[in-house]
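Content type compact mmCIF, C-alpha atoms, from the file coords10.txt:
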```
# COMPACT_ATOMS: atom_id res chain seq x y z
CA MET A 1240 -19.73 -63.31 -28.47
CA PRO A 1241 -17.83 -60.08 -27.99
CA PRO A 1242 -19.17 -57.89 -25.19
CA LYS A 1243 -21.46 -55.10 -26.17
CA PRO A 1244 -19.81 -51.71 -26.05
CA ALA A 1245 -20.94 -49.57 -23.16
CA GLU A 1246 -23.51 -47.05 -24.17
CA GLU A 1247 -22.16 -43.54 -23.99
CA GLU A 1248 -24.19 -41.28 -21.78
CA GLU A 1249 -25.47 -38.23 -23.53
CA PRO A 1250 -24.26 -35.04 -21.87
CA GLU A 1251 -26.94 -33.19 -19.98
CA GLU A 1252 -28.20 -30.08 -21.64
CA PRO A 1253 -27.27 -26.95 -19.71
CA GLU A 1254 -30.02 -25.13 -17.94
CA GLU A 1255 -31.67 -22.43 -20.01
CA GLY A 1256 -30.15 -19.05 -19.35
CA SER A 1257 -26.90 -20.36 -17.88
CA VAL A 1258 -24.67 -20.75 -20.98
CA PRO A 1259 -24.35 -18.37 -23.96
CA VAL A 1260 -25.32 -19.73 -27.34
CA PRO A 1261 -23.23 -18.11 -30.13
CA PRO A 1262 -23.55 -15.79 -31.88
CA CYS A 1263 -25.80 -14.33 -29.16
CA LEU A 1264 -23.99 -12.70 -26.23
CA ALA A 1265 -26.84 -13.27 -23.80
CA TRP A 1266 -25.92 -15.14 -20.60
CA THR A 1267 -22.20 -14.34 -21.07
CA ASP A 1268 -21.74 -12.08 -18.04
CA LEU A 1269 -25.25 -12.00 -16.65
CA LYS A 1270 -27.17 -15.25 -16.23
CA LYS A 1271 -30.93 -15.50 -16.29
CA THR A 1272 -31.04 -16.15 -12.55
CA ASP A 1273 -28.99 -12.99 -11.97
CA ALA A 1274 -31.38 -10.85 -14.00
CA THR A 1275 -34.37 -12.34 -12.20
CA GLU A 1276 -32.77 -11.72 -8.81
CA PHE A 1277 -31.99 -8.10 -9.70
CA VAL A 1278 -35.62 -7.43 -10.64
CA ARG A 1279 -36.76 -8.61 -7.21
CA LEU A 1280 -34.54 -6.15 -5.34
CA GLY A 1281 -36.46 -3.45 -3.55
CA THR A 1282 -33.91 -0.75 -2.69
CA ALA A 1283 -30.91 0.96 -4.23
CA GLU A 1284 -28.71 -0.35 -1.41
CA GLU A 1285 -29.64 -3.94 -2.31
CA ALA A 1286 -28.90 -3.26 -6.00
CA ILE A 1287 -25.48 -1.83 -5.15
CA GLN A 1288 -24.68 -4.82 -2.95
CA PHE A 1289 -25.77 -7.21 -5.72
CA VAL A 1290 -23.47 -5.64 -8.34
CA VAL A 1291 -20.58 -5.31 -5.88
CA GLU A 1292 -20.66 -9.02 -5.00
CA LYS A 1293 -21.41 -10.23 -8.54
CA PHE A 1294 -18.54 -8.37 -10.20
CA ASP A 1295 -16.09 -8.13 -7.29
CA LEU A 1296 -16.16 -4.35 -6.80
CA LYS A 1297 -15.77 -4.39 -3.02
CA ASP A 1298 -13.23 -1.55 -3.10
CA PHE A 1299 -15.62 0.89 -4.81
CA GLU A 1300 -15.60 3.22 -1.79
CA SER A 1301 -11.85 3.82 -2.07
CA ASN A 1302 -11.14 3.02 -5.75
CA ALA A 1303 -12.48 5.54 -8.28
CA LYS A 1304 -12.25 3.05 -11.15
CA SER A 1305 -14.43 0.55 -9.30
CA THR A 1306 -16.90 3.31 -8.47
CA ILE A 1307 -17.24 4.28 -12.15
CA LEU A 1308 -17.64 0.64 -13.18
CA LEU A 1309 -20.25 0.10 -10.48
CA ASP A 1310 -22.23 3.09 -11.76
CA LEU A 1311 -22.01 1.82 -15.35
CA TYR A 1312 -23.27 -1.64 -14.43
CA LEU A 1313 -26.03 -0.26 -12.24
CA TRP A 1314 -27.53 2.07 -14.80
CA THR A 1315 -27.28 -0.61 -17.51
CA LEU A 1316 -29.27 -3.07 -15.41
CA SER A 1317 -31.65 -0.46 -14.08
CA CYS A 1318 -32.49 1.02 -17.46
CA CYS A 1319 -33.27 -2.44 -18.84
CA LEU A 1320 -35.10 -4.05 -15.95
CA GLN A 1321 -36.50 -1.38 -13.64
CA ALA A 1322 -36.40 2.37 -13.06
CA MET A 1323 -35.14 2.21 -9.52
CA LEU A 1324 -31.88 4.14 -9.33
CA ARG A 1325 -32.36 7.12 -11.63
CA GLU A 1326 -34.76 10.07 -11.65
CA SER A 1327 -33.91 11.92 -14.89
CA ASP A 1328 -36.39 12.13 -17.76
CA ASP A 1329 -34.09 10.17 -20.10
CA TRP A 1330 -33.89 7.30 -17.65
CA ARG A 1331 -37.61 7.17 -16.99
CA ARG A 1332 -38.45 7.38 -20.69
CA PHE A 1333 -36.07 4.59 -21.67
CA CYS A 1334 -37.16 2.32 -18.80
CA LYS A 1335 -40.80 2.85 -19.67
CA GLU A 1336 -40.38 2.25 -23.38
CA ALA A 1337 -37.77 -0.52 -23.33
CA GLY A 1338 -39.24 -3.22 -21.09
CA LEU A 1339 -36.45 -5.60 -22.10
CA SER A 1340 -36.58 -9.26 -21.16
CA GLU A 1341 -33.86 -11.04 -19.18
CA GLU A 1342 -32.23 -12.33 -22.38
CA LYS A 1343 -32.18 -8.92 -24.06
CA THR A 1344 -30.91 -7.31 -20.87
CA SER A 1345 -28.10 -9.84 -20.54
CA ALA A 1346 -26.99 -9.29 -24.15
CA LEU A 1347 -27.05 -5.49 -23.77
CA PHE A 1348 -25.14 -5.76 -20.50
CA THR A 1349 -22.32 -7.67 -22.22
CA ILE A 1350 -22.32 -5.15 -25.08
CA MET A 1351 -21.87 -2.29 -22.61
CA LYS A 1352 -19.23 -4.21 -20.68
CA ARG A 1353 -17.21 -4.79 -23.86
CA LEU A 1354 -17.61 -1.15 -24.84
CA HIS A 1355 -16.15 -0.12 -21.51
CA GLU A 1356 -13.23 -2.52 -21.95
CA HIS A 1357 -12.74 -1.12 -25.46
CA SER A 1358 -12.26 2.37 -24.00
CA LYS A 1359 -9.14 1.20 -22.16
CA ASP A 1360 -7.19 0.77 -25.42
CA HIS A 1361 -8.90 3.06 -27.94
CA ASP A 1362 -9.13 6.82 -27.80
CA ASP A 1363 -11.35 7.25 -30.86
CA VAL A 1364 -15.06 7.57 -30.15
CA LEU A 1365 -15.86 6.52 -33.71
CA SER A 1366 -14.17 3.15 -33.21
CA ALA A 1367 -16.27 2.60 -30.10
CA PHE A 1368 -19.45 3.47 -31.98
CA ASN A 1369 -18.53 1.09 -34.82
CA LEU A 1370 -17.96 -1.69 -32.28
CA PHE A 1371 -21.31 -0.94 -30.65
CA LYS A 1372 -23.08 -0.90 -34.01
CA GLN A 1373 -21.47 -4.21 -34.98
CA MET A 1374 -22.55 -5.94 -31.76
CA LEU A 1375 -26.04 -4.46 -31.89
CA LEU A 1376 -26.59 -5.54 -35.51
CA GLN A 1377 -25.30 -8.97 -34.55
CA HIS A 1378 -28.40 -9.26 -32.35
CA SER A 1379 -30.96 -7.69 -34.64
CA LEU A 1380 -30.65 -9.30 -38.11
CA ALA A 1381 -32.61 -12.35 -39.21
CA ASN A 1382 -31.48 -14.89 -41.79
CA THR A 1383 -27.94 -13.56 -41.67
CA GLN A 1384 -24.90 -15.69 -40.90
CA GLY A 1385 -23.33 -14.87 -37.56
CA CYS A 1386 -26.40 -12.91 -36.42
CA VAL A 1387 -29.49 -13.57 -34.37
CA GLU A 1388 -32.78 -11.69 -34.32
CA LEU A 1389 -33.05 -10.63 -30.69
CA TYR A 1390 -33.91 -6.91 -30.82
CA SER A 1391 -36.69 -5.41 -32.87
CA PRO A 1392 -36.08 -2.33 -35.07
CA THR A 1393 -37.80 -0.17 -32.46
CA GLU A 1394 -35.57 -1.52 -29.70
CA VAL A 1395 -32.48 -1.03 -31.85
CA LYS A 1396 -33.41 2.61 -32.32
CA MET A 1397 -34.08 3.17 -28.62
CA ILE A 1398 -30.88 1.43 -27.50
CA THR A 1399 -28.77 3.31 -30.05
CA GLN A 1400 -30.18 6.66 -29.02
CA PHE A 1401 -29.81 5.91 -25.33
CA VAL A 1402 -26.21 4.62 -25.52
CA HIS A 1403 -25.25 7.54 -27.77
CA THR A 1404 -26.57 10.12 -25.30
CA THR A 1405 -25.03 8.43 -22.23
CA PHE A 1406 -21.92 6.27 -22.55
CA LEU A 1407 -20.67 7.47 -25.92
CA GLN A 1408 -21.30 11.10 -25.05
CA HIS A 1409 -18.96 10.70 -22.06
CA TYR A 1410 -16.65 8.22 -23.76
CA ARG A 1411 -13.49 10.31 -23.25
CA LEU A 1412 -14.23 10.59 -19.55
CA TYR A 1413 -14.42 6.80 -19.30
CA ARG A 1414 -11.24 6.61 -21.35
CA PHE A 1415 -9.47 9.06 -19.05
CA ALA A 1416 -10.60 7.22 -15.91
CA ASN A 1417 -9.43 3.88 -17.32
CA THR A 1418 -5.98 5.07 -18.37
CA ARG A 1419 -5.01 7.37 -15.48
CA ASP A 1420 -3.98 6.29 -12.04
CA GLN A 1421 -5.94 7.78 -9.20
CA GLU A 1422 -4.06 10.58 -7.48
CA LYS A 1423 -3.36 10.02 -3.83
CA ASP A 1424 -3.20 12.83 -1.29
CA GLN A 1425 -0.89 12.02 1.59
CA PHE A 1426 -0.79 14.09 4.76
CA SER A 1427 1.39 13.70 7.84
CA THR A 1428 0.86 15.24 11.24
CA CYS A 1429 2.10 14.80 14.79
CA LEU A 1430 -0.43 13.81 17.41
CA PHE A 1431 0.14 14.07 21.16
CA VAL A 1432 -1.11 11.04 23.03
CA ASN A 1433 -1.20 10.88 26.82
CA THR A 1434 0.74 7.85 28.02
CA ALA A 1435 1.86 6.62 31.41
CA PRO A 1436 5.42 7.68 32.38
CA ALA A 1437 8.12 5.05 32.25
CA PRO A 1438 8.87 3.45 35.64
CA PRO A 1439 12.24 4.25 37.28
CA PRO A 1440 15.00 1.64 36.99
CA LEU A 1441 15.09 -1.05 39.64
CA LEU A 1442 18.59 -0.01 40.73
CA ALA A 1443 17.19 3.37 41.80
CA GLY A 1444 14.67 1.78 44.16
CA LYS A 1445 14.93 2.16 47.98
CA VAL A 1446 14.69 -0.73 50.45
CA ASP A 1447 12.45 -0.47 53.53
CA GLU A 1448 14.90 -1.43 56.28
CA GLU A 1449 12.19 -2.33 58.85
CA LYS A 1450 10.41 -4.71 56.48
CA LYS A 1451 13.73 -6.12 55.40
CA ALA A 1452 14.67 -6.91 59.04
CA VAL A 1453 11.34 -8.65 59.66
CA GLN A 1454 11.71 -10.72 56.45
CA GLU A 1455 15.25 -11.74 57.43
CA GLN A 1456 14.11 -12.72 60.94
CA VAL A 1457 11.32 -14.87 59.55
CA ALA A 1458 13.70 -16.48 57.10
CA GLU A 1459 16.24 -17.29 59.87
CA GLU A 1460 13.74 -18.93 62.20
CA LYS A 1461 14.05 -22.70 62.44
CA PRO A 1462 11.07 -25.06 62.29
CA ASP A 1463 11.66 -26.11 65.93
CA ASP A 1464 11.47 -22.53 67.11
CA LYS A 1465 8.17 -22.10 65.32
CA GLU A 1466 6.72 -25.22 66.97
CA ALA A 1467 7.94 -24.06 70.39
CA LYS A 1468 6.29 -20.70 69.95
CA GLU A 1469 3.06 -22.39 68.92
CA GLU A 1470 3.15 -24.59 72.07
CA VAL A 1471 3.77 -21.55 74.27
CA ALA A 1472 0.87 -19.76 72.64
CA LYS A 1473 -1.40 -22.74 73.30
CA GLU A 1474 -0.37 -22.92 76.97
CA GLU A 1475 -0.99 -19.21 77.44
CA LYS A 1476 -4.40 -19.53 75.87
CA LYS A 1477 -5.21 -22.50 78.11
CA GLU A 1478 -4.17 -20.65 81.24
CA GLU A 1479 -6.33 -17.71 80.29
CA GLU A 1480 -9.34 -19.97 79.84
CA GLU A 1481 -8.76 -21.65 83.23
CA SER A 1482 -8.37 -18.34 85.06
CA SER A 1483 -11.57 -17.13 83.42
CA GLU A 1484 -13.47 -20.20 84.69
CA ALA A 1485 -12.05 -19.75 88.18
CA ARG A 1486 -13.22 -16.12 88.29
CA VAL A 1487 -16.69 -17.14 87.18
CA ALA A 1488 -16.91 -19.86 89.84
CA LYS A 1489 -15.74 -17.54 92.60
CA ALA A 1490 -18.28 -14.97 91.63
CA VAL A 1491 -21.05 -17.55 91.85
```
So, in terms of structure tokens, how does the structure I just supplied come out?
Amino acid sequence: MPPKPAEEEEPEEPEEGSVPVPPCLAWTDLKKTDATEFVRLGTAEEAIQFVVEKFDLKDFESNAKSTILLDLYLWTLSCCLQAMLRESDDWRRFCKEAGLSEEKTSALFTIMKRLHEHSKDHDDVLSAFNLFKQMLLQHSLANTQGCVELYSPTEVKMITQFVHTTFLQHYRLYRFANTRDQEKDQFSTCLFVNTAPAPPPLLAGKVDEEKKAVQEQVAEEKPDDKEAKEEVAKEEKKEEEESSEARVAKAV
């Protein structure tokens, strides 16, 4: 009998919230675990550090483009998940009314990210609004091919109004920042630093004649002479000890 063909293992289903499911853009740039982690952050410094590491914006302190992108990502996440970084009435109102879930937040984050990328190549605000409207309707229509019902009509209205009064209102500023190189101010100055003076050349050095004579004498001495001197020193020391004993005995 022919051998039975090996059963093919069914591929494991990806974890929920880790892979986007077309046509929905949720989980494309922001996974469910990322959104959950952001909600748990307690300070603005932690939120900044989270976005910096997640989207590789470590040069935001010196690069204006990274700083602008960091601000865009922060307010997008904050307005959807928690009112932590902003104090204006518009921010508080949207955060209070929106209350978006992790999936809705992830989809909106990708929409805003693609809008920002769109500003790099398109100067027309109307084209950006049409792109935004297309992506938003893609996530708010039921029983329509290529669409998914993610946002309710109320949420669509709130998101549209909010994006229109924030990102789209300053669209040309984002466009300018994306298409212009950051100007660099360079300054040069002379600083005086105290340093030790350079030593004189060796040829200009003076020889101590007395030390030189002693060193030469020591170098010329033979080993036998050294031993003889040591023997003489021992004899002298012995004689001194004997004379000391004799004086002690005589005194007694």
Checklist line | Residue nearest Pro1259 (chain A) - candidates A:Ala1346, A:Val1471, A:Leu1296, A:Leu1412, atoms counted: all atoms listed in the file | finding: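 Once distances to Pro1259 (chain A) are computed over all atoms listed in the file, the minimum belongs to A:Ala1346.
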Margin query: Given only C-alpha atoms as the basis, pick out the residue of A:Glu1475, A:Glu1481, A:Glu1300, A:Asp1362 nearest to Leu1407 (chain A).
Written below: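 Using only C-alpha atoms, Leu1407 (chain A) sits closest to A:Asp1362.
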Next item on the list: Counting all atoms listed in the file, note down every residue that has an atom within 12 Å of the point (-36.3, -13.2, -33.5) (file coordinates), as a ChimeraX atom specification.
Entry: /A:1263,1342-1343,1377-1383,1386-1392
Note to self: Just to confirm, what's the straight-line distance from CA of Leu1311 (chain A) to CA of Phe1348 (chain A) in Å (one decimal)?
What the structure shows: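 Atom-to-atom, CA of Leu1311 (chain A) and CA of Phe1348 (chain A) are spaced 9.7 Å apart.
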Next item on the list: For Trp1266 (chain A), please output as a PyMOL selection string all residues within 10 Å (counting only C-alpha atoms; exclusion window: fewer than 6 positions along the same chain).
Entry: chain A and resi 1255-1260+1272-1274+1341-1346+1348-1349
Could the residues in this selection be saved with C-alpha atoms as a PDB file, in the frame of the given file?
```
ATOM      1  CA  GLU A1255     -31.670 -22.430 -20.010  1.00  0.00           C
ATOM      2  CA  GLY A1256     -30.150 -19.050 -19.350  1.00  0.00           C
ATOM      3  CA  SER A1257     -26.900 -20.360 -17.880  1.00  0.00           C
ATOM      4  CA  VAL A1258     -24.670 -20.750 -20.980  1.00  0.00           C
ATOM      5  CA  PRO A1259     -24.350 -18.370 -23.960  1.00  0.00           C
ATOM      6  CA  VAL A1260     -25.320 -19.730 -27.340  1.00  0.00           C
ATOM      7  CA  THR A1272     -31.040 -16.150 -12.550  1.00  0.00           C
ATOM      8  CA  ASP A1273     -28.990 -12.990 -11.970  1.00  0.00           C
ATOM      9  CA  ALA A1274     -31.380 -10.850 -14.000  1.00  0.00           C
ATOM     10  CA  GLU A1341     -33.860 -11.040 -19.180  1.00  0.00           C
ATOM     11  CA  GLU A1342     -32.230 -12.330 -22.380  1.00  0.00           C
ATOM     12  CA  LYS A1343     -32.180  -8.920 -24.060  1.00  0.00           C
ATOM     13  CA  THR A1344     -30.910  -7.310 -20.870  1.00  0.00           C
ATOM     14  CA  SER A1345     -28.100  -9.840 -20.540  1.00  0.00           C
ATOM     15  CA  ALA A1346     -26.990  -9.290 -24.150  1.00  0.00           C
ATOM     16  CA  PHE A1348     -25.140  -5.760 -20.500  1.00  0.00           C
ATOM     17  CA  THR A1349     -22.320  -7.670 -22.220  1.00  0.00           C
TER      18      THR A1349
END
```
Item checked: Atomic distance CA of Glu1285 (chain A) - CA of Cys1318 (chain A), expressed in Å with one decimal -> 16.2 Å
Next item on the list: Tell me which protein, DNA and RNA residues are within 10 Å of Ile1307 (chain A), counting all atoms listed in the file, leaving out same-chain ones fewer than 5 positions away, and put them as an NGL selection string.
Entry: :A and (1299 or 1302 or 1312-1313 or 1413 or 1416-1417)
Note to self: Between CA of Lys1304 (chain A) and CA of Arg1279 (chain A), what is the distance in Å, rounded to a tenth?
What the structure shows: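 A separation of 27.4 Å between them.
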Next item on the list: Quick one: residues within 10 Å of (-17.6, 7.5, -22.7) (file frame), counting all atoms listed in the file, please, as a ChimeraX atom specification.
Entry: /A:1354-1355,1358,1362,1364,1367,1402-1416
